[in-house]
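Visitor: Hey, dropping model35.cif in here, mmCIF, N, CA and C atoms, pLDDT in the B column; chains and numbers go by the auth columns:
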```cif
data_protein
loop_
_atom_site.group_PDB
_atom_site.id
_atom_site.type_symbol
_atom_site.label_atom_id
_atom_site.label_comp_id
_atom_site.label_asym_id
_atom_site.label_seq_id
_atom_site.Cartn_x
_atom_site.Cartn_y
_atom_site.Cartn_z
_atom_site.B_iso_or_equiv
_atom_site.auth_seq_id
_atom_site.auth_asym_id
ATOM 1 N N HIS A 1 10.763 1.595 23.617 74.00 1 K
ATOM 2 C CA HIS A 1 12.003 2.119 23.093 74.00 1 K
ATOM 3 C C HIS A 1 12.170 1.651 21.660 74.00 1 K
ATOM 4 N N SER A 2 12.566 2.557 20.804 78.00 2 K
ATOM 5 C CA SER A 2 12.735 2.231 19.391 78.00 2 K
ATOM 6 C C SER A 2 14.127 1.663 19.132 78.00 2 K
ATOM 7 N N ALA A 3 14.203 0.744 18.207 85.00 3 K
ATOM 8 C CA ALA A 3 15.487 0.164 17.826 85.00 3 K
ATOM 9 C C ALA A 3 16.213 1.044 16.809 85.00 3 K
ATOM 10 N N ILE A 4 15.521 2.057 16.292 84.00 4 K
ATOM 11 C CA ILE A 4 16.120 2.938 15.291 84.00 4 K
ATOM 12 C C ILE A 4 16.842 4.074 16.005 84.00 4 K
ATOM 13 N N ASP A 5 18.035 4.332 15.583 83.00 5 K
ATOM 14 C CA ASP A 5 18.876 5.353 16.188 83.00 5 K
ATOM 15 C C ASP A 5 18.284 6.746 15.976 83.00 5 K
ATOM 16 N N GLY A 6 18.507 7.646 16.908 85.00 6 K
ATOM 17 C CA GLY A 6 18.018 9.015 16.818 85.00 6 K
ATOM 18 C C GLY A 6 18.580 9.770 15.637 85.00 6 K
ATOM 19 N N ARG A 7 19.763 9.380 15.188 86.00 7 K
ATOM 20 C CA ARG A 7 20.357 10.047 14.027 86.00 7 K
ATOM 21 C C ARG A 7 19.549 9.776 12.770 86.00 7 K
ATOM 22 N N THR A 8 18.882 8.635 12.723 85.00 8 K
ATOM 23 C CA THR A 8 18.055 8.286 11.564 85.00 8 K
ATOM 24 C C THR A 8 16.706 8.990 11.643 85.00 8 K
ATOM 25 N N ILE A 9 16.120 8.992 12.821 84.00 9 K
ATOM 26 C CA ILE A 9 14.761 9.512 12.997 84.00 9 K
ATOM 27 C C ILE A 9 14.678 11.005 12.696 84.00 9 K
ATOM 28 N N ARG A 10 15.709 11.762 12.978 88.00 10 K
ATOM 29 C CA ARG A 10 15.622 13.213 12.816 88.00 10 K
ATOM 30 C C ARG A 10 15.788 13.679 11.366 88.00 10 K
ATOM 31 N N ARG A 11 16.065 12.786 10.456 88.00 11 K
ATOM 32 C CA ARG A 11 16.237 13.162 9.045 88.00 11 K
ATOM 33 C C ARG A 11 14.885 13.376 8.370 88.00 11 K
ATOM 34 N N LYS A 12 14.852 14.310 7.435 91.00 12 K
ATOM 35 C CA LYS A 12 13.621 14.574 6.681 91.00 12 K
ATOM 36 C C LYS A 12 13.225 13.373 5.830 91.00 12 K
ATOM 37 N N GLY A 13 14.201 12.691 5.286 92.00 13 K
ATOM 38 C CA GLY A 13 13.939 11.537 4.430 92.00 13 K
ATOM 39 C C GLY A 13 13.248 10.405 5.164 92.00 13 K
ATOM 40 N N TYR A 14 13.535 10.263 6.459 90.00 14 K
ATOM 41 C CA TYR A 14 12.899 9.208 7.244 90.00 14 K
ATOM 42 C C TYR A 14 11.410 9.495 7.403 90.00 14 K
ATOM 43 N N ALA A 15 11.060 10.728 7.717 91.00 15 K
ATOM 44 C CA ALA A 15 9.649 11.107 7.847 91.00 15 K
ATOM 45 C C ALA A 15 8.930 10.950 6.513 91.00 15 K
ATOM 46 N N LEU A 16 9.587 11.323 5.438 94.00 16 K
ATOM 47 C CA LEU A 16 9.007 11.172 4.107 94.00 16 K
ATOM 48 C C LEU A 16 8.779 9.701 3.783 94.00 16 K
ATOM 49 N N SER A 17 9.740 8.861 4.154 94.00 17 K
ATOM 50 C CA SER A 17 9.616 7.432 3.918 94.00 17 K
ATOM 51 C C SER A 17 8.429 6.850 4.681 94.00 17 K
ATOM 52 N N LEU A 18 8.198 7.292 5.897 92.00 18 K
ATOM 53 C CA LEU A 18 7.060 6.801 6.673 92.00 18 K
ATOM 54 C C LEU A 18 5.736 7.175 6.024 92.00 18 K
ATOM 55 N N ARG A 19 5.654 8.395 5.484 94.00 19 K
ATOM 56 C CA ARG A 19 4.418 8.808 4.807 94.00 19 K
ATOM 57 C C ARG A 19 4.173 7.983 3.558 94.00 19 K
ATOM 58 N N HIS A 20 5.218 7.725 2.794 95.00 20 K
ATOM 59 C CA HIS A 20 5.073 6.910 1.586 95.00 20 K
ATOM 60 C C HIS A 20 4.678 5.480 1.949 95.00 20 K
ATOM 61 N N ARG A 21 5.293 4.940 2.992 94.00 21 K
ATOM 62 C CA ARG A 21 4.983 3.586 3.419 94.00 21 K
ATOM 63 C C ARG A 21 3.529 3.463 3.844 94.00 21 K
ATOM 64 N N LYS A 22 3.018 4.466 4.562 94.00 22 K
ATOM 65 C CA LYS A 22 1.618 4.443 4.997 94.00 22 K
ATOM 66 C C LYS A 22 0.679 4.440 3.800 94.00 22 K
ATOM 67 N N ARG A 23 0.986 5.246 2.800 91.00 23 K
ATOM 68 C CA ARG A 23 0.147 5.308 1.601 91.00 23 K
ATOM 69 C C ARG A 23 0.134 3.969 0.862 91.00 23 K
ATOM 70 N N ILE A 24 1.262 3.314 0.782 93.00 24 K
ATOM 71 C CA ILE A 24 1.344 2.017 0.117 93.00 24 K
ATOM 72 C C ILE A 24 0.609 0.952 0.910 93.00 24 K
ATOM 73 N N GLU A 25 0.802 0.941 2.222 94.00 25 K
ATOM 74 C CA GLU A 25 0.152 -0.057 3.069 94.00 25 K
ATOM 75 C C GLU A 25 -1.359 0.097 3.069 94.00 25 K
ATOM 76 N N GLU A 26 -1.861 1.323 2.939 92.00 26 K
ATOM 77 C CA GLU A 26 -3.309 1.530 2.863 92.00 26 K
ATOM 78 C C GLU A 26 -3.894 0.838 1.643 92.00 26 K
ATOM 79 N N ALA A 27 -3.216 0.920 0.516 92.00 27 K
ATOM 80 C CA ALA A 27 -3.706 0.286 -0.709 92.00 27 K
ATOM 81 C C ALA A 27 -3.723 -1.235 -0.565 92.00 27 K
ATOM 82 N N PHE A 28 -2.649 -1.789 -0.007 92.00 28 K
ATOM 83 C CA PHE A 28 -2.603 -3.237 0.177 92.00 28 K
ATOM 84 C C PHE A 28 -3.632 -3.689 1.204 92.00 28 K
ATOM 85 N N GLY A 29 -3.804 -2.920 2.270 93.00 29 K
ATOM 86 C CA GLY A 29 -4.804 -3.263 3.283 93.00 29 K
ATOM 87 C C GLY A 29 -6.203 -3.242 2.712 93.00 29 K
ATOM 88 N N TRP A 30 -6.501 -2.239 1.880 92.00 30 K
ATOM 89 C CA TRP A 30 -7.819 -2.158 1.249 92.00 30 K
ATOM 90 C C TRP A 30 -8.035 -3.369 0.347 92.00 30 K
ATOM 91 N N ALA A 31 -7.032 -3.715 -0.422 92.00 31 K
ATOM 92 C CA ALA A 31 -7.156 -4.850 -1.341 92.00 31 K
ATOM 93 C C ALA A 31 -7.397 -6.147 -0.573 92.00 31 K
ATOM 94 N N LYS A 32 -6.753 -6.295 0.570 91.00 32 K
ATOM 95 C CA LYS A 32 -6.894 -7.535 1.327 91.00 32 K
ATOM 96 C C LYS A 32 -8.231 -7.607 2.059 91.00 32 K
ATOM 97 N N THR A 33 -8.701 -6.511 2.635 92.00 33 K
ATOM 98 C CA THR A 33 -9.926 -6.560 3.436 92.00 33 K
ATOM 99 C C THR A 33 -11.174 -6.381 2.597 92.00 33 K
ATOM 100 N N ILE A 34 -11.209 -5.411 1.726 91.00 34 K
ATOM 101 C CA ILE A 34 -12.409 -5.097 0.967 91.00 34 K
ATOM 102 C C ILE A 34 -12.491 -5.900 -0.318 91.00 34 K
ATOM 103 N N ALA A 35 -11.402 -5.968 -1.059 89.00 35 K
ATOM 104 C CA ALA A 35 -11.423 -6.611 -2.375 89.00 35 K
ATOM 105 C C ALA A 35 -11.178 -8.118 -2.310 89.00 35 K
ATOM 106 N N GLY A 36 -10.925 -8.647 -1.139 87.00 36 K
ATOM 107 C CA GLY A 36 -10.775 -10.089 -1.008 87.00 36 K
ATOM 108 C C GLY A 36 -9.474 -10.649 -1.533 87.00 36 K
ATOM 109 N N ALA A 37 -8.432 -9.868 -1.518 87.00 37 K
ATOM 110 C CA ALA A 37 -7.149 -10.347 -2.027 87.00 37 K
ATOM 111 C C ALA A 37 -6.325 -11.057 -0.954 87.00 37 K
ATOM 112 N N ALA A 38 -6.863 -11.200 0.244 89.00 38 K
ATOM 113 C CA ALA A 38 -6.118 -11.859 1.316 89.00 38 K
ATOM 114 C C ALA A 38 -5.954 -13.348 1.026 89.00 38 K
ATOM 115 N N GLN A 39 -6.990 -13.946 0.477 89.00 39 K
ATOM 116 C CA GLN A 39 -6.916 -15.360 0.117 89.00 39 K
ATOM 117 C C GLN A 39 -7.452 -15.503 -1.305 89.00 39 K
ATOM 118 N N THR A 40 -6.616 -15.900 -2.188 87.00 40 K
ATOM 119 C CA THR A 40 -7.005 -15.953 -3.589 87.00 40 K
ATOM 120 C C THR A 40 -7.866 -17.174 -3.895 87.00 40 K
ATOM 121 N N ALA A 41 -8.695 -17.018 -4.891 89.00 41 K
ATOM 122 C CA ALA A 41 -9.555 -18.118 -5.335 89.00 41 K
ATOM 123 C C ALA A 41 -9.016 -18.747 -6.614 89.00 41 K
ATOM 124 N N TYR A 42 -7.840 -18.279 -7.039 91.00 42 K
ATOM 125 C CA TYR A 42 -7.282 -18.724 -8.299 91.00 42 K
ATOM 126 C C TYR A 42 -5.995 -19.497 -8.081 91.00 42 K
ATOM 127 N N ARG A 43 -5.641 -20.296 -9.069 94.00 43 K
ATOM 128 C CA ARG A 43 -4.380 -21.010 -9.070 94.00 43 K
ATOM 129 C C ARG A 43 -3.556 -20.531 -10.251 94.00 43 K
ATOM 130 N N GLY A 44 -2.279 -20.402 -10.042 95.00 44 K
ATOM 131 C CA GLY A 44 -1.388 -19.952 -11.105 95.00 44 K
ATOM 132 C C GLY A 44 -1.008 -18.497 -10.906 95.00 44 K
ATOM 133 N N ILE A 45 0.242 -18.211 -11.198 95.00 45 K
ATOM 134 C CA ILE A 45 0.774 -16.874 -10.961 95.00 45 K
ATOM 135 C C ILE A 45 0.058 -15.827 -11.798 95.00 45 K
ATOM 136 N N GLU A 46 -0.189 -16.111 -13.058 95.00 46 K
ATOM 137 C CA GLU A 46 -0.808 -15.116 -13.941 95.00 46 K
ATOM 138 C C GLU A 46 -2.233 -14.779 -13.509 95.00 46 K
ATOM 139 N N ARG A 47 -3.004 -15.773 -13.106 95.00 47 K
ATOM 140 C CA ARG A 47 -4.382 -15.519 -12.671 95.00 47 K
ATOM 141 C C ARG A 47 -4.416 -14.756 -11.358 95.00 47 K
ATOM 142 N N VAL A 48 -3.539 -15.114 -10.438 94.00 48 K
ATOM 143 C CA VAL A 48 -3.477 -14.408 -9.161 94.00 48 K
ATOM 144 C C VAL A 48 -3.028 -12.970 -9.385 94.00 48 K
ATOM 145 N N ARG A 49 -2.046 -12.786 -10.253 94.00 49 K
ATOM 146 C CA ARG A 49 -1.563 -11.438 -10.570 94.00 49 K
ATOM 147 C C ARG A 49 -2.681 -10.595 -11.180 94.00 49 K
ATOM 148 N N ALA A 50 -3.425 -11.163 -12.107 95.00 50 K
ATOM 149 C CA ALA A 50 -4.530 -10.430 -12.733 95.00 50 K
ATOM 150 C C ALA A 50 -5.601 -10.074 -11.710 95.00 50 K
ATOM 151 N N SER A 51 -5.899 -10.993 -10.807 93.00 51 K
ATOM 152 C CA SER A 51 -6.886 -10.732 -9.766 93.00 51 K
ATOM 153 C C SER A 51 -6.429 -9.599 -8.849 93.00 51 K
ATOM 154 N N PHE A 52 -5.152 -9.605 -8.493 92.00 52 K
ATOM 155 C CA PHE A 52 -4.628 -8.573 -7.613 92.00 52 K
ATOM 156 C C PHE A 52 -4.606 -7.217 -8.309 92.00 52 K
ATOM 157 N N ILE A 53 -4.253 -7.188 -9.581 94.00 53 K
ATOM 158 C CA ILE A 53 -4.257 -5.934 -10.334 94.00 53 K
ATOM 159 C C ILE A 53 -5.677 -5.379 -10.427 94.00 53 K
ATOM 160 N N MET A 54 -6.644 -6.251 -10.640 94.00 54 K
ATOM 161 C CA MET A 54 -8.043 -5.807 -10.675 94.00 54 K
ATOM 162 C C MET A 54 -8.480 -5.253 -9.323 94.00 54 K
ATOM 163 N N ALA A 55 -8.038 -5.871 -8.248 93.00 55 K
ATOM 164 C CA ALA A 55 -8.378 -5.382 -6.909 93.00 55 K
ATOM 165 C C ALA A 55 -7.795 -3.991 -6.680 93.00 55 K
ATOM 166 N N LEU A 56 -6.544 -3.782 -7.078 93.00 56 K
ATOM 167 C CA LEU A 56 -5.932 -2.466 -6.907 93.00 56 K
ATOM 168 C C LEU A 56 -6.563 -1.423 -7.832 93.00 56 K
ATOM 169 N N ALA A 57 -6.954 -1.838 -9.026 95.00 57 K
ATOM 170 C CA ALA A 57 -7.641 -0.918 -9.933 95.00 57 K
ATOM 171 C C ALA A 57 -8.988 -0.515 -9.350 95.00 57 K
ATOM 172 N N ALA A 58 -9.692 -1.457 -8.733 94.00 58 K
ATOM 173 C CA ALA A 58 -10.962 -1.140 -8.081 94.00 58 K
ATOM 174 C C ALA A 58 -10.736 -0.176 -6.924 94.00 58 K
ATOM 175 N N GLY A 59 -9.639 -0.356 -6.211 92.00 59 K
ATOM 176 C CA GLY A 59 -9.306 0.574 -5.125 92.00 59 K
ATOM 177 C C GLY A 59 -9.056 1.977 -5.648 92.00 59 K
ATOM 178 N N ASN A 60 -8.377 2.081 -6.778 92.00 60 K
ATOM 179 C CA ASN A 60 -8.150 3.396 -7.385 92.00 60 K
ATOM 180 C C ASN A 60 -9.457 4.039 -7.821 92.00 60 K
ATOM 181 N N LEU A 61 -10.356 3.227 -8.370 94.00 61 K
ATOM 182 C CA LEU A 61 -11.658 3.769 -8.768 94.00 61 K
ATOM 183 C C LEU A 61 -12.478 4.206 -7.557 94.00 61 K
ATOM 184 N N ALA A 62 -12.339 3.502 -6.461 93.00 62 K
ATOM 185 C CA ALA A 62 -13.051 3.882 -5.241 93.00 62 K
ATOM 186 C C ALA A 62 -12.502 5.191 -4.674 93.00 62 K
ATOM 187 N N ARG A 63 -11.216 5.429 -4.835 91.00 63 K
ATOM 188 C CA ARG A 63 -10.583 6.672 -4.338 91.00 63 K
ATOM 189 C C ARG A 63 -10.811 7.862 -5.266 91.00 63 K
ATOM 190 N N LEU A 64 -11.132 7.615 -6.504 94.00 64 K
ATOM 191 C CA LEU A 64 -11.186 8.661 -7.521 94.00 64 K
ATOM 192 C C LEU A 64 -12.120 9.819 -7.174 94.00 64 K
ATOM 193 N N PRO A 65 -13.359 9.602 -6.711 94.00 65 K
ATOM 194 C CA PRO A 65 -14.215 10.755 -6.391 94.00 65 K
ATOM 195 C C PRO A 65 -13.619 11.658 -5.321 94.00 65 K
ATOM 196 N N LYS A 66 -12.993 11.080 -4.331 92.00 66 K
ATOM 197 C CA LYS A 66 -12.385 11.884 -3.272 92.00 66 K
ATOM 198 C C LYS A 66 -11.201 12.701 -3.803 92.00 66 K
ATOM 199 N N LEU A 67 -10.431 12.087 -4.699 89.00 67 K
ATOM 200 C CA LEU A 67 -9.301 12.784 -5.277 89.00 67 K
ATOM 201 C C LEU A 67 -9.734 13.913 -6.200 89.00 67 K
ATOM 202 N N LEU A 68 -10.816 13.691 -6.944 93.00 68 K
ATOM 203 C CA LEU A 68 -11.313 14.719 -7.859 93.00 68 K
ATOM 204 C C LEU A 68 -11.947 15.883 -7.109 93.00 68 K
ATOM 205 N N ALA A 69 -12.523 15.607 -5.942 92.00 69 K
ATOM 206 C CA ALA A 69 -13.128 16.678 -5.146 92.00 69 K
ATOM 207 C C ALA A 69 -12.065 17.616 -4.575 92.00 69 K
ATOM 208 N N ALA A 70 -10.882 17.085 -4.331 81.00 70 K
ATOM 209 C CA ALA A 70 -9.790 17.914 -3.775 81.00 70 K
ATOM 210 C C ALA A 70 -9.176 18.744 -4.855 81.00 70 K
#
```
If you took the structure in this file and wrote it as C-alpha cells, what would it be?

Guide:
Amino acid sequence: HSAIDGRTIRRKGYALSLRHRKRIEEAFGWAKTIAGAAQTAYRGIERVRASFIMALAAGNLARLPKLLAA
C-alpha cells in the first residue's frame, strides 16, 4: 500500500516528476557504480566537487553516441 494519496498519484505532474527523478537517479547511479564516485579518493570540498563533475561529464560523453543516433 502506498503512503501517497490517490489525489496526488492521478495528477499529470506526479507522473512527470517520477520520469524526471528516474533520469536524475540514473546519472547519479552511473557516477557511483561506474565512475567510482561512491567513495572519493580526495580530501577537501573543491577536489571532491571537481572529481564528481568529471564523473558526470564522463557519463555525458558515454551517453552522447546513443543520443546522437536518435

Visitor: Calculate, to one decimal in Å, the centre and edge lengths of the box along x, y and z of the file that holds all listed atoms of range 5-23 of chain K with 3 Å of margin on each side, and present them as JSON.

Guide:
```
{"center_x": 10.2, "center_y": 9.0, "center_z": 8.9, "size_x": 26.2, "size_y": 17.1, "size_z": 22.0}
```

Visitor: For Ile34 in chain K, which of K:Leu64, K:Ala55, K:Ala69, K:Ile4 is the closest residue, counting only C-alpha atoms?

Guide: K:Ala55

Visitor: Residues of chain K in helix (DSSP H, G or I) according to DSSP, as a short mmCIF file (atom, residue, chain, number, x, y, z; two decimals) with N, CA and C atoms, keeping the file's coordinate frame?

Guide:
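What follows is the written file part.cif:
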```cif
data_model
loop_
_atom_site.label_atom_id
_atom_site.label_comp_id
_atom_site.auth_asym_id
_atom_site.auth_seq_id
_atom_site.Cartn_x
_atom_site.Cartn_y
_atom_site.Cartn_z
N GLY K 6 18.51 7.65 16.91
CA GLY K 6 18.02 9.02 16.82
C GLY K 6 18.58 9.77 15.64
N ARG K 7 19.76 9.38 15.19
CA ARG K 7 20.36 10.05 14.03
C ARG K 7 19.55 9.78 12.77
N THR K 8 18.88 8.64 12.72
CA THR K 8 18.06 8.29 11.56
C THR K 8 16.71 8.99 11.64
N ILE K 9 16.12 8.99 12.82
CA ILE K 9 14.76 9.51 13.00
C ILE K 9 14.68 11.00 12.70
N LYS K 12 14.85 14.31 7.44
CA LYS K 12 13.62 14.57 6.68
C LYS K 12 13.22 13.37 5.83
N GLY K 13 14.20 12.69 5.29
CA GLY K 13 13.94 11.54 4.43
C GLY K 13 13.25 10.40 5.16
N TYR K 14 13.54 10.26 6.46
CA TYR K 14 12.90 9.21 7.24
C TYR K 14 11.41 9.49 7.40
N ALA K 15 11.06 10.73 7.72
CA ALA K 15 9.65 11.11 7.85
C ALA K 15 8.93 10.95 6.51
N LEU K 16 9.59 11.32 5.44
CA LEU K 16 9.01 11.17 4.11
C LEU K 16 8.78 9.70 3.78
N SER K 17 9.74 8.86 4.15
CA SER K 17 9.62 7.43 3.92
C SER K 17 8.43 6.85 4.68
N LEU K 18 8.20 7.29 5.90
CA LEU K 18 7.06 6.80 6.67
C LEU K 18 5.74 7.18 6.02
N ARG K 19 5.65 8.40 5.48
CA ARG K 19 4.42 8.81 4.81
C ARG K 19 4.17 7.98 3.56
N HIS K 20 5.22 7.72 2.79
CA HIS K 20 5.07 6.91 1.59
C HIS K 20 4.68 5.48 1.95
N ARG K 21 5.29 4.94 2.99
CA ARG K 21 4.98 3.59 3.42
C ARG K 21 3.53 3.46 3.84
N LYS K 22 3.02 4.47 4.56
CA LYS K 22 1.62 4.44 5.00
C LYS K 22 0.68 4.44 3.80
N ARG K 23 0.99 5.25 2.80
CA ARG K 23 0.15 5.31 1.60
C ARG K 23 0.13 3.97 0.86
N ILE K 24 1.26 3.31 0.78
CA ILE K 24 1.34 2.02 0.12
C ILE K 24 0.61 0.95 0.91
N GLU K 25 0.80 0.94 2.22
CA GLU K 25 0.15 -0.06 3.07
C GLU K 25 -1.36 0.10 3.07
N GLU K 26 -1.86 1.32 2.94
CA GLU K 26 -3.31 1.53 2.86
C GLU K 26 -3.89 0.84 1.64
N ALA K 27 -3.22 0.92 0.52
CA ALA K 27 -3.71 0.29 -0.71
C ALA K 27 -3.72 -1.24 -0.56
N PHE K 28 -2.65 -1.79 -0.01
CA PHE K 28 -2.60 -3.24 0.18
C PHE K 28 -3.63 -3.69 1.20
N GLY K 29 -3.80 -2.92 2.27
CA GLY K 29 -4.80 -3.26 3.28
C GLY K 29 -6.20 -3.24 2.71
N TRP K 30 -6.50 -2.24 1.88
CA TRP K 30 -7.82 -2.16 1.25
C TRP K 30 -8.04 -3.37 0.35
N ALA K 31 -7.03 -3.72 -0.42
CA ALA K 31 -7.16 -4.85 -1.34
C ALA K 31 -7.40 -6.15 -0.57
N LYS K 32 -6.75 -6.30 0.57
CA LYS K 32 -6.89 -7.54 1.33
C LYS K 32 -8.23 -7.61 2.06
N THR K 33 -8.70 -6.51 2.64
CA THR K 33 -9.93 -6.56 3.44
C THR K 33 -11.17 -6.38 2.60
N ILE K 45 0.24 -18.21 -11.20
CA ILE K 45 0.77 -16.87 -10.96
C ILE K 45 0.06 -15.83 -11.80
N GLU K 46 -0.19 -16.11 -13.06
CA GLU K 46 -0.81 -15.12 -13.94
C GLU K 46 -2.23 -14.78 -13.51
N ARG K 47 -3.00 -15.77 -13.11
CA ARG K 47 -4.38 -15.52 -12.67
C ARG K 47 -4.42 -14.76 -11.36
N VAL K 48 -3.54 -15.11 -10.44
CA VAL K 48 -3.48 -14.41 -9.16
C VAL K 48 -3.03 -12.97 -9.38
N ARG K 49 -2.05 -12.79 -10.25
CA ARG K 49 -1.56 -11.44 -10.57
C ARG K 49 -2.68 -10.60 -11.18
N ALA K 50 -3.42 -11.16 -12.11
CA ALA K 50 -4.53 -10.43 -12.73
C ALA K 50 -5.60 -10.07 -11.71
N SER K 51 -5.90 -10.99 -10.81
CA SER K 51 -6.89 -10.73 -9.77
C SER K 51 -6.43 -9.60 -8.85
N PHE K 52 -5.15 -9.60 -8.49
CA PHE K 52 -4.63 -8.57 -7.61
C PHE K 52 -4.61 -7.22 -8.31
N ILE K 53 -4.25 -7.19 -9.58
CA ILE K 53 -4.26 -5.93 -10.33
C ILE K 53 -5.68 -5.38 -10.43
N MET K 54 -6.64 -6.25 -10.64
CA MET K 54 -8.04 -5.81 -10.68
C MET K 54 -8.48 -5.25 -9.32
N ALA K 55 -8.04 -5.87 -8.25
CA ALA K 55 -8.38 -5.38 -6.91
C ALA K 55 -7.80 -3.99 -6.68
N LEU K 56 -6.54 -3.78 -7.08
CA LEU K 56 -5.93 -2.47 -6.91
C LEU K 56 -6.56 -1.42 -7.83
N ALA K 57 -6.95 -1.84 -9.03
CA ALA K 57 -7.64 -0.92 -9.93
C ALA K 57 -8.99 -0.52 -9.35
N ALA K 58 -9.69 -1.46 -8.73
CA ALA K 58 -10.96 -1.14 -8.08
C ALA K 58 -10.74 -0.18 -6.92
N GLY K 59 -9.64 -0.36 -6.21
CA GLY K 59 -9.31 0.57 -5.12
C GLY K 59 -9.06 1.98 -5.65
N ASN K 60 -8.38 2.08 -6.78
CA ASN K 60 -8.15 3.40 -7.38
C ASN K 60 -9.46 4.04 -7.82
N LEU K 61 -10.36 3.23 -8.37
CA LEU K 61 -11.66 3.77 -8.77
C LEU K 61 -12.48 4.21 -7.56
N ALA K 62 -12.34 3.50 -6.46
CA ALA K 62 -13.05 3.88 -5.24
C ALA K 62 -12.50 5.19 -4.67
N ARG K 63 -11.22 5.43 -4.84
CA ARG K 63 -10.58 6.67 -4.34
C ARG K 63 -10.81 7.86 -5.27
N LEU K 64 -11.13 7.62 -6.50
CA LEU K 64 -11.19 8.66 -7.52
C LEU K 64 -12.12 9.82 -7.17
N PRO K 65 -13.36 9.60 -6.71
CA PRO K 65 -14.22 10.76 -6.39
C PRO K 65 -13.62 11.66 -5.32
N LYS K 66 -12.99 11.08 -4.33
CA LYS K 66 -12.38 11.88 -3.27
C LYS K 66 -11.20 12.70 -3.80
N LEU K 67 -10.43 12.09 -4.70
CA LEU K 67 -9.30 12.78 -5.28
C LEU K 67 -9.73 13.91 -6.20
N LEU K 68 -10.82 13.69 -6.94
CA LEU K 68 -11.31 14.72 -7.86
C LEU K 68 -11.95 15.88 -7.11
N ALA K 69 -12.52 15.61 -5.94
CA ALA K 69 -13.13 16.68 -5.15
C ALA K 69 -12.06 17.62 -4.58
#
```

Visitor: Contacts of Ala57 in chain K at 12 Å or less, counting only C-alpha atoms, minus same-chain residues fewer than 5 places along, as a ChimeraX atom specification?

Guide: /K:27-28,30-31,35,50-52,62-64

Visitor: What is the distance, in Å and to one decimal place, between CA of Pro65 in chain K and CA of Ser17 in chain K?

Guide: 26.2 Å

Visitor: Under the rule that only C-alpha atoms are counted, which of K:Ile24, K:Ala70, K:Ala3, K:Leu56 is the nearest residue to Gly36 in chain K?

Guide: K:Leu56

Visitor: May I ask for the distance between atom C of Met54 in chain K and atom C of Ala37 in chain K, given in Å to one decimal place?

Guide: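 That distance, rounded to one decimal, is 10.4 Å.
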
Visitor: What does the distance from atom C of Gly29 in chain K to CA of Gly59 in chain K come to in Å, to one decimal?

Guide: 9.3 Å

Visitor: Have range 49-53 of chain K completed to all heavy atoms, please, and pass it along as a PDB file, in the coordinates of the input.

Guide:
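Saved the output as selection.pdb:
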```pdb
ATOM      1  N   ARG K  49      -2.046 -12.786 -10.253  1.00 94.00           N
ATOM      2  CA  ARG K  49      -1.563 -11.438 -10.570  1.00 94.00           C
ATOM      3  C   ARG K  49      -2.681 -10.595 -11.180  1.00 94.00           C
ATOM      4  O   ARG K  49      -2.875  -9.435 -10.801  1.00 94.00           O
ATOM      5  CB  ARG K  49      -0.378 -11.505 -11.526  1.00 94.00           C
ATOM      6  CG  ARG K  49       0.179 -10.129 -11.883  1.00 94.00           C
ATOM      7  CD  ARG K  49       1.345 -10.222 -12.832  1.00 94.00           C
ATOM      8  NE  ARG K  49       2.466 -10.842 -12.125  1.00 94.00           N
ATOM      9  CZ  ARG K  49       3.254 -11.767 -12.644  1.00 94.00           C
ATOM     10  NH1 ARG K  49       3.051 -12.193 -13.867  1.00 94.00           N
ATOM     11  NH2 ARG K  49       4.244 -12.278 -11.950  1.00 94.00           N
ATOM     12  N   ALA K  50      -3.425 -11.163 -12.107  1.00 95.00           N
ATOM     13  CA  ALA K  50      -4.530 -10.430 -12.733  1.00 95.00           C
ATOM     14  C   ALA K  50      -5.601 -10.074 -11.710  1.00 95.00           C
ATOM     15  O   ALA K  50      -6.141  -8.962 -11.721  1.00 95.00           O
ATOM     16  CB  ALA K  50      -5.131 -11.264 -13.859  1.00 95.00           C
ATOM     17  N   SER K  51      -5.899 -10.993 -10.807  1.00 93.00           N
ATOM     18  CA  SER K  51      -6.886 -10.732  -9.766  1.00 93.00           C
ATOM     19  C   SER K  51      -6.429  -9.599  -8.849  1.00 93.00           C
ATOM     20  O   SER K  51      -7.217  -8.720  -8.479  1.00 93.00           O
ATOM     21  CB  SER K  51      -7.112 -12.006  -8.949  1.00 93.00           C
ATOM     22  OG  SER K  51      -7.883 -11.747  -7.811  1.00 93.00           O
ATOM     23  N   PHE K  52      -5.152  -9.605  -8.493  1.00 92.00           N
ATOM     24  CA  PHE K  52      -4.628  -8.573  -7.613  1.00 92.00           C
ATOM     25  C   PHE K  52      -4.606  -7.217  -8.309  1.00 92.00           C
ATOM     26  O   PHE K  52      -4.941  -6.195  -7.701  1.00 92.00           O
ATOM     27  CB  PHE K  52      -3.230  -8.963  -7.141  1.00 92.00           C
ATOM     28  CG  PHE K  52      -2.747  -8.130  -6.003  1.00 92.00           C
ATOM     29  CD1 PHE K  52      -3.305  -8.278  -4.748  1.00 92.00           C
ATOM     30  CD2 PHE K  52      -1.748  -7.206  -6.178  1.00 92.00           C
ATOM     31  CE1 PHE K  52      -2.875  -7.507  -3.680  1.00 92.00           C
ATOM     32  CE2 PHE K  52      -1.313  -6.429  -5.130  1.00 92.00           C
ATOM     33  CZ  PHE K  52      -1.876  -6.580  -3.878  1.00 92.00           C
ATOM     34  N   ILE K  53      -4.253  -7.188  -9.581  1.00 94.00           N
ATOM     35  CA  ILE K  53      -4.257  -5.934 -10.334  1.00 94.00           C
ATOM     36  C   ILE K  53      -5.677  -5.379 -10.427  1.00 94.00           C
ATOM     37  O   ILE K  53      -5.900  -4.170 -10.278  1.00 94.00           O
ATOM     38  CB  ILE K  53      -3.637  -6.138 -11.730  1.00 94.00           C
ATOM     39  CG1 ILE K  53      -2.128  -6.342 -11.587  1.00 94.00           C
ATOM     40  CG2 ILE K  53      -3.929  -4.954 -12.652  1.00 94.00           C
ATOM     41  CD1 ILE K  53      -1.437  -6.747 -12.872  1.00 94.00           C
TER      42      ILE K  53
END
```
